[in-house]
Structures are given as structure tokens and as C-alpha cells.
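S.K.: Please find one structure pasted underneath; my questions will follow.
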Amino acid sequence: MKGIIKEVVIENFRSIHYLKLDCGNINVFSGLNDSGKSNVLRALNLFFNNNTDFLKPLKFSNDYCKIALASAQKSAKKKQQIKIKVSFLVPESFSSLKEESDVFIEKVYGRDQECTYNYSSKDSKKIAQITKLLHKINYFYIPALKGQDVIQFLLGKVGEHELISSEQISKLNEEINKNLGTLQKILEISSVQIKTTMGLPVLVKDFWEKLTINTEYDAFNNLQHKIKKTEKSKSDSLKTENYQIPFEARGEGIKSKCIPPLLDWIQEKKSSEIYVWGIDEPENSLEFRKAEELAGLYFNEYSKKRQLFLTTHSFAFIFPSSSLPVKPLIFKCYKGDLGETKLDNLNEKLLSDDHKIELGDDLGALAIQREVMKSWREKQVELCQQNKLIEKYKEEFKPLVYCEGSSDQKILETAWKKLYPQEQMPFILTYCEGAGFLSTFIKNNGLLCHNKKSIALWDCDLEGYKQFKGLFNTSLGFEKVNSTKVSKQKIIFGLVLPTPLSRASYTNILCEDPQFQHLCIEHYFSDRVLKDAGVFGQEIDGKIKLINKNNFASKIISNLDPVEFENFKMIFDEIKLILSE
């Protein structure tokens with residue numbers, strides 16, 4: 001959806017002396033603590049809800065900009081005013097305003113706390129329509145600390161939808177007092193002449209605000225199944241009501257994740273309204289991976305049906321995925337010379353030369369971190385794909401063999417068919433994209449699949465041998481078998497390509513120095529085959545660079561005679577030996 005708020009102009013509110021903001025559907029404000037980024041959200045809260053902080057009304061002496069105060073005190077005639085002007089993108093349903101070039105409302109707050117309105121039109125009918133549009137917009141402001149007051153506020157909003165009516169609550173109260181009739185008689189005997197009643201809150205909103213949200217103990221199912229009853233025990237099952245944890249007792253991270261769905265539910269019940277969220281630090285207290293998941297929800301899901309204004313310290317929000325259908329506007333907030341909040345659009349200035357040093361001081365080396373974020377996301381996609389692959393094969397009996405890439409997989413599959421045409425491959429062959437990712441995968445136990453054997457197969461080149469050698473670290477649980485093989489509990493194995501006699505000069509395993517290793521899987525073919533196929537490229541530092549590897553693996557090797565695959569027996573013999581252990 002397109003955001004209802006097109007532009008915001010804020011004057012003299014807290015740290016903001018003057019700020020003009022062109023808005024998108026998703027607006028993210030980053031910056032150091034106390035740079036004033038939350039004041040943008042609070043200014044909108046004042047405009048829409050007559051509050052500044054969460055449920056706190058304007059207090060002019062505190063909320064008036066100090067720069068403006070100094071200016072006013074040095075100018076006898078200058079008025080002290082806070083101004084917030086919001087320009088709107090007019091919905092189709094407001095046809096009478098469609099011809100207006102600019103539709104806005106400006107609210108002006110004086111020292112007496114009174115608010116006056118300025119409209120983009122002088123026409124009374126159009127003013128009525130603009131006012132109607134304003135009343136149709138629901139702005140929810142959620143502070144960084146999501147305390148019990150926030151939860152109670154949201155539960156009150158839930159109660160507005162009459163999930164239980166006032167009449168039903170009254171009937172409950174009647175039943176309560178009927179059962180407490182004896183207590184009333186005791187009070188009368190004790191000379192307490194005031195008629196006393198007890199019951200639930202009468203107003204529906206109050207009723208819901210007093211409710212408690214309980215969450216189930218995370219490991220309840222494990223307790224149910226793993227804690228065995230004794231012989232004298234009368235019950236075989238645990239009562240769920242005894243294993244509830246109040247929502248307010250949960251950490252800030254859980255609250256940060258649960259509040260958006262509550263807001264989402266409230267909106268769904270009044271879908272004809274227009275909604276805008278202003279949320280301070282939605283990632284509060286979440287570790288990076290969880291913050292990344294939450295950012296994905298905000299950008300991909302929550303932004304579909306409402307406009308978002310978010311503050312953040314998380315790079316998951318500052319550097320959104322490039323695949324998003326709608327690009328968020330990312331702003332950097334910082335202080336000017338007089339302590340006023342200033343704003344820069346990072347989408348435009350992040351990589352400009354004159355901005356890099358300033359950005360580095362405020363938010364770190366953002367350009368570098370952006371590349372790290374990009375690389376991390378790519379690896380997460382790969383990891384997700386591999387986990388799906390494991391899920392696919394987990395019920396099969398066959399072990400798994402992972403190589404470094406899709407071309408390696410194709411070559412090994414073809415080699416097996418050429419060498420053993422009558423035998424079915426006794427393992428499932430797949431790949432991880434690159435030596436580094438294969439190393440990360442095996443270190444994280446990614447290959448362990450229901451205790452079936454798994455083998456990671458690296459090229460014996462500079463990067464492959466370096467990653468393989470990194471597994472010698474005993475803290476990871478890998479034991480060194482020999483110079484080319486390691487194992488972890490005899491289930492997960494790491495293996496580098498064994499060296500054929502024809503390629504003895506390509507490796508120097510005995511010295512165990514990665515810089516002496518140049519063997520990749522294509523080298524199992526003769527130079528003649530590689531040259532005829534156009535796989536040999538330029539010679540760089542005494543080494544021939546291989547090119548056109550995918551074409552070679554996909555189209556050329558299938559036409560080669562079986563004799564050209566003799567060297568591959570070394571690899572398969574090594575794999576068979578591992579599988580027989």
C-alpha cells in the first residue's frame with residue numbers, strides 16, 4: 001500500500017527545531033542514542049493522539065524546543081509555538097479532495113496547551129472532508145520499552161471490539177454476587193450498613209485491561225514426555241495451567257515480537273480504517289538473527305496494510321534485503337551544532353565520498369557492514385536450502401556426501417556412471433556452494449542427519465585445504481585421521497581430494513601448508529581433455545586458471561570414454577572406506 005502520510009513538517013518540538021520529512025510507506029530512523037530519532041514518532045503521536053510519549057499529554061515547558069526558547073527569550077515579540085504539519089495522500093474514497101494539489105492539516109500548540117488548526121483549504125466542505133480523513137487514521141505509538149502499560153493499552157483496544165459485551169459482564173457480576181450473598185449477611189450483622197457488591201469491572205475496556213496474558217512454559221512437551229512418573233504417582237500427565245508464565249514476566253525480546261501481531265489483529269477487526277504504526281526499536285533485546293527475522297516481517301508483511309515509522313539500532317533494519325518489493329526509506333538522525341536533530345536520507349548519501357567519514361563516526365563502517373549483511377543473507381538462503389535438502393533425505397538410509405559446488409556434483413555423478421555403470425551409487429551426492437560455506441555447515445553440525453554418516457569433500461586447493469585444516473581444532477570435536485581426513489564421532493567426516501600420481505606436483509600435503517595446494521576436481525582429467533574442452537585459461541603465478549567449468553561438467557564430460565575417469569576411483573575408494581568403518 002501507499003502511505004497515507006506524504007510529508008511531515010515539525011517545528012520547535014523537543015530536539016527538533018525544524019524538520020521536513022518526505023515519507024515513504026516504510027520509514028526507518030537510525031542514529032546514536034539521544035540524537036532525536038524518537039521525537040519524529042512522538043511528534044506524530046502528538047498530532048494524531050494528543051500525547052507525546054506513550055499515554056503522556058503535551059507539557060509545553062518540557063516539550064518546547066530549547067533553541068526556539070532561547071530565540072523567543074531574546075526577541076520580545078516572538079510567539080512560542082510548536083507546529084506539526086502533516087500532508088496526506090488522498091484515498092480514492094475521498095473524491096472531493098482528489099483535485100487538491102496539497103491536502104494538509106497543521107496543528108499549532110501554544111504555551112497555554114491549546115491547539116489551533118490550519119487547513120490546506122478555506123472551503124468549509126473540504127475542511128470537513130479533511131477532518132473526516134484525519135479521524136479515519138489510527139496512529140499507534142509503541143515505545144522502546146514494551147512494559148505492562150503497553151500491554152494493558154493494547155488489551156483495552158482488543159476490548160473495543162466487543163468480544164464480550166457489557167451485558168454479558170453484567171450477568172457474570174450478577175452470578176458472582178448471588179454466590180456471595182452469605183458475605184453480605186455477615187457484613188450486615190457486623191453493622192456495616194452500606195450495601196456491598198463485588199464483581200468484574202463494568203466497562204468492557206476496563207475488563208480487558210485487567211486481563212492477564214499467560215504463555216506456556218517453552219519445554220512443556222519435553223517435561224510431559226521425559227519426566228517419568230513414579231510408582232506411587234496418581235497422574236500420568238501434567239496440568240498445563242500449572243506451567244503458565246505471565247507475559248509480563250517474559251523478556252523484552254518476546255514482547256517485541258508479540259506486539260506487532262496484536263496490533264495486526266486489532267487492525268483486522270476494523271479493516272476499513274487507515275493505520276499507521278510508530279514503533280521505537282522494534283528489535284529491542286533481540287539477538288541479530290531474530291532481529292533479521294523481525295525486520296523481514298515488518299518489511300514484507302506488516303507494511304502491506306499500514307504505513308510504518310520505525311526507529312532502530314539494528315543493521316537488520318538499516319540494511320534491508322535488496323529483494324524487497326518496496327524499498328524502505330532509511331534516515332540517519334544526528335545532532336547539529338546547537339543540539340538540534342538533523343536528518344539525512346541514507347538511501348541517497350550512504351556511499352557518497354563526502355559522507356563516508358561522518359557516517360563512520362556515527363554508525364560505524366556502514367558500507368562495509370552493508371556488504372557483510374548481504375553476504376550473511378546469501379549464506380542464510382543457502383543454509384535454508386541445505387536444511388530443506390536434509391529434511392528431504394532424512395528418511396532415506398543412504399549416507400550424504402557434500403562437495404563444493406554444482407559442477408563438482410555433476411562431474412562426480414558422471415564419473416560414477418562411467419566407472420560403475422551396473423552399480424547404484426551407495427550414497428546421496430549433493431553440494432554446498434563454496435569451500436567456506438561447506439566448512440561453516442559442517443562446523444555447525446549441519447551435516448548430522450539422524451546419525452547417518454555424512455562426508456564433506458573439499459578440493460585440495462588454497463581455500464579448500466585451508467577450510468579443511470581449520471577442522472583440526474579439537475574444540476569442535478573433530479579428530480585428525482591423517483593429513484587428508486578428519487572425523488567427528490565417526491559420523492561426520494571431512495575429506496580433501498586425494499592426489500593422483502599425474503598431479504603430484506599440484507599438492508604438498510606433507511608440509512600441510514595451504515599455499516602449496518592447487519588441486520581441484522577438474523584436474524582428475526588429463527591436460528589434453530581440459531585443453532580440448534577449453535577449460536584451461538590464463539596462467540597466473542605459475543598456476544593455470546580453470547574456466548568454463550559449468551559447461552564442461554554439464555555438456556562435455558558425458559561424451560568422454562570411461563578411461564578418462566580412472567583417477568576418480570581414488571575419491572570413490574576413500575568414500576567407500578569411510579562408509580565401511
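Each chain in the C-alpha cells gets a letter, A, B and so on, in the order shown; residues start at 1 in every chain, and ligands are counted from 1 in the order they appear.
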Please provide as a ChimeraX atom specification all residues within 10 Å of range 262-265 of chain A, with the sequence filter that same-chain residues fewer than 6 positions apart are discarded (counting only C-alpha atoms).

M.R.: /A:140,151,154-155,157-158,271,275,277,302,305-306

S.K.: Could you save the residues just selected, with N, CA and C atoms, as a PDB file, in the first residue's frame?

M.R.:
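Output file result-v2.pdb follows:
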ATOM      1  N   PHE A 140      -0.721   4.267  15.981  1.00  0.00           N
ATOM      2  CA  PHE A 140      -0.298   3.566  17.186  1.00  0.00           C
ATOM      3  C   PHE A 140       1.169   3.874  17.452  1.00  0.00           C
ATOM      4  N   ILE A 151       1.021  -3.282  27.203  1.00  0.00           N
ATOM      5  CA  ILE A 151       0.180  -4.469  27.038  1.00  0.00           C
ATOM      6  C   ILE A 151      -1.257  -4.155  27.453  1.00  0.00           C
ATOM      7  N   LEU A 154      -2.997  -2.139  24.781  1.00  0.00           N
ATOM      8  CA  LEU A 154      -3.394  -2.942  23.629  1.00  0.00           C
ATOM      9  C   LEU A 154      -4.576  -3.853  23.955  1.00  0.00           C
ATOM     10  N   LEU A 155      -4.604  -4.399  25.176  1.00  0.00           N
ATOM     11  CA  LEU A 155      -5.740  -5.217  25.576  1.00  0.00           C
ATOM     12  C   LEU A 155      -7.020  -4.390  25.637  1.00  0.00           C
ATOM     13  N   LYS A 157      -7.617  -1.939  23.655  1.00  0.00           N
ATOM     14  CA  LYS A 157      -8.013  -1.819  22.249  1.00  0.00           C
ATOM     15  C   LYS A 157      -8.696  -3.101  21.761  1.00  0.00           C
ATOM     16  N   VAL A 158      -8.198  -4.237  22.250  1.00  0.00           N
ATOM     17  CA  VAL A 158      -8.849  -5.504  21.916  1.00  0.00           C
ATOM     18  C   VAL A 158     -10.285  -5.492  22.422  1.00  0.00           C
ATOM     19  N   SER A 271     -10.934  -3.119   9.444  1.00  0.00           N
ATOM     20  CA  SER A 271     -10.113  -3.025   8.237  1.00  0.00           C
ATOM     21  C   SER A 271     -10.450  -1.817   7.368  1.00  0.00           C
ATOM     22  N   TYR A 275      -4.350   2.770   9.023  1.00  0.00           N
ATOM     23  CA  TYR A 275      -3.474   2.565  10.176  1.00  0.00           C
ATOM     24  C   TYR A 275      -2.038   2.996   9.873  1.00  0.00           C
ATOM     25  N   TRP A 277       1.754   2.867  12.038  1.00  0.00           N
ATOM     26  CA  TRP A 277       2.475   2.434  13.236  1.00  0.00           C
ATOM     27  C   TRP A 277       3.722   3.292  13.414  1.00  0.00           C
ATOM     28  N   TYR A 302       4.022  -6.667   7.493  1.00  0.00           N
ATOM     29  CA  TYR A 302       3.315  -5.600   8.202  1.00  0.00           C
ATOM     30  C   TYR A 302       3.156  -4.336   7.363  1.00  0.00           C
ATOM     31  N   LYS A 305      -0.337  -3.390   4.849  1.00  0.00           N
ATOM     32  CA  LYS A 305      -1.632  -2.817   5.187  1.00  0.00           C
ATOM     33  C   LYS A 305      -1.547  -1.599   6.097  1.00  0.00           C
ATOM     34  N   ARG A 306      -0.348  -1.083   6.318  1.00  0.00           N
ATOM     35  CA  ARG A 306      -0.211   0.143   7.096  1.00  0.00           C
ATOM     36  C   ARG A 306       1.127   0.796   6.795  1.00  0.00           C
TER      37      ARG A 306
END

S.K.: Quick one: everything within 9 Å of Ile26 in chain A, counting only C-alpha atoms, minus sequence neighbours fewer than 5 positions away in the same chain. Send it as a list in words.

M.R.: Gly3, Tyr298, Phe299, Ser303, Arg306, Gln307, Leu308, Phe309, Leu310, Val326, Lys327, Pro328, Leu329 and Ile330 of chain A

S.K.: Enter the distance from CA of Glu281 in chain A to CA of Leu41 in chain A, in Å, rounded to one decimal.

M.R.: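 Computed distance, CA of Glu281 in chain A to CA of Leu41 in chain A, equals 11.2 Å.
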
S.K.: Select from range 33-133 of chain A every residue with an atom at most 12 Å from any atom of range 341-345 of chain A, then for each give the shortest pair of atoms and their distance in Å to one decimal, using only C-alpha atoms, rows by chain and rising number, as CSV.

M.R.:
residue,atom,partner,partner_atom,distance
A:Asn33,CA,A:Thr341,CA,11.7
A:Asp34,CA,A:Thr341,CA,9.3
A:Ser35,CA,A:Thr341,CA,6.2
A:Gly36,CA,A:Thr341,CA,5.6
A:Lys37,CA,A:Thr341,CA,7.7
A:Ser38,CA,A:Thr341,CA,10.4
A:Asn39,CA,A:Thr341,CA,8.9
A:Val40,CA,A:Thr341,CA,9.5
A:Cys65,CA,A:Thr341,CA,10.4
A:Lys66,CA,A:Thr341,CA,11.8
A:Ile67,CA,A:Thr341,CA,11.0

S.K.: Based on the selection just made, write N, CA and C atoms of those residues as a compact mmCIF listing (two decimals), in the first residue's frame.

M.R.:
# COMPACT_ATOMS: atom_id res chain seq x y z
N ASN A 33 22.14 7.14 20.27
CA ASN A 33 21.20 7.45 21.34
C ASN A 33 21.15 8.96 21.56
N ASP A 34 19.96 9.47 21.85
CA ASP A 34 19.75 10.88 22.15
C ASP A 34 19.97 11.78 20.93
N SER A 35 19.91 11.21 19.74
CA SER A 35 20.04 12.03 18.53
C SER A 35 18.69 12.60 18.11
N GLY A 36 17.60 12.15 18.75
CA GLY A 36 16.28 12.71 18.49
C GLY A 36 15.42 11.93 17.52
N LYS A 37 15.85 10.71 17.18
CA LYS A 37 15.08 9.95 16.18
C LYS A 37 13.68 9.60 16.68
N SER A 38 13.52 9.33 17.98
CA SER A 38 12.20 9.00 18.52
C SER A 38 11.27 10.21 18.53
N ASN A 39 11.84 11.41 18.50
CA ASN A 39 11.00 12.60 18.54
C ASN A 39 10.16 12.77 17.27
N VAL A 40 10.60 12.18 16.17
CA VAL A 40 9.78 12.20 14.95
C VAL A 40 8.50 11.40 15.20
N CYS A 65 11.05 23.29 22.08
CA CYS A 65 12.46 23.23 21.67
C CYS A 65 13.29 24.31 22.38
N LYS A 66 14.42 23.93 22.95
CA LYS A 66 15.26 24.87 23.70
C LYS A 66 15.89 25.93 22.80
N ILE A 67 16.15 25.58 21.56
CA ILE A 67 16.70 26.58 20.63
C ILE A 67 15.65 27.66 20.38

S.K.: Considering only C-alpha atoms, return as a VMD selection string whatever protein or nucleic-acid residues lie within 8 Å of Pro399 in chain A, sequence-local ones (same chain, fewer than 3 positions apart) excluded.

M.R.: chain A and resid 426 to 428 452 to 454 579

S.K.: Pull the strand (DSSP E) assignments for range 254-304 of chain A out of DSSP run on the backbone, and list those residues as an MDAnalysis selection string.

M.R.: chainID A and resid 274:280

S.K.: Dump N, CA and C atoms for the selected residues as a compact mmCIF listing (two decimals), in the first residue's frame?

M.R.:
# COMPACT_ATOMS: atom_id res chain seq x y z
N ILE A 274 -7.71 3.46 8.45
CA ILE A 274 -6.34 3.61 7.94
C ILE A 274 -5.40 3.57 9.14
N TYR A 275 -4.35 2.77 9.02
CA TYR A 275 -3.47 2.56 10.18
C TYR A 275 -2.04 3.00 9.87
N VAL A 276 -1.43 3.59 10.89
CA VAL A 276 -0.03 3.99 10.84
C VAL A 276 0.61 3.54 12.14
N TRP A 277 1.75 2.87 12.04
CA TRP A 277 2.48 2.43 13.24
C TRP A 277 3.72 3.29 13.41
N GLY A 278 3.92 3.76 14.63
CA GLY A 278 5.17 4.40 15.02
C GLY A 278 5.78 3.58 16.13
N ILE A 279 6.82 2.80 15.84
CA ILE A 279 7.37 1.85 16.81
C ILE A 279 8.85 2.13 17.05
N ASP A 280 9.16 2.43 18.31
CA ASP A 280 10.55 2.64 18.72
C ASP A 280 11.25 1.31 18.91

S.K.: Calculated over only C-alpha atoms, which of the candidates A:Phe288, A:Phe493, A:Phe319, A:Phe572 has the smallest distance to Val481 in chain A?

M.R.: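 Under the stated criterion, the closest residue is A:Phe493.
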
S.K.: Residues at most 10 Å from Leu497 in chain A, counting only C-alpha atoms, excluding those fewer than 4 positions away in the same chain, as a VMD selection string?

M.R.: chain A and resid 457 to 461 464 to 465 484 to 485 519 to 521 524 568 570 to 571 574

S.K.: Which is closer to His313 in chain A than all the others in A:Ala144, A:Leu495, A:Cys432, A:Ala43, using only C-alpha atoms?

M.R.: A:Ala144

S.K.: At a cut-off of 10 Å, using only C-alpha atoms, what residues contact Ser61 in chain A? Leave out same-chain residues fewer than 3 positions from it and give the result as a list in words.

M.R.: Arg14, Leu58, Tyr64, Cys65, Lys66, Leu69, Arg111, Asp112 and Gln113 of chain A
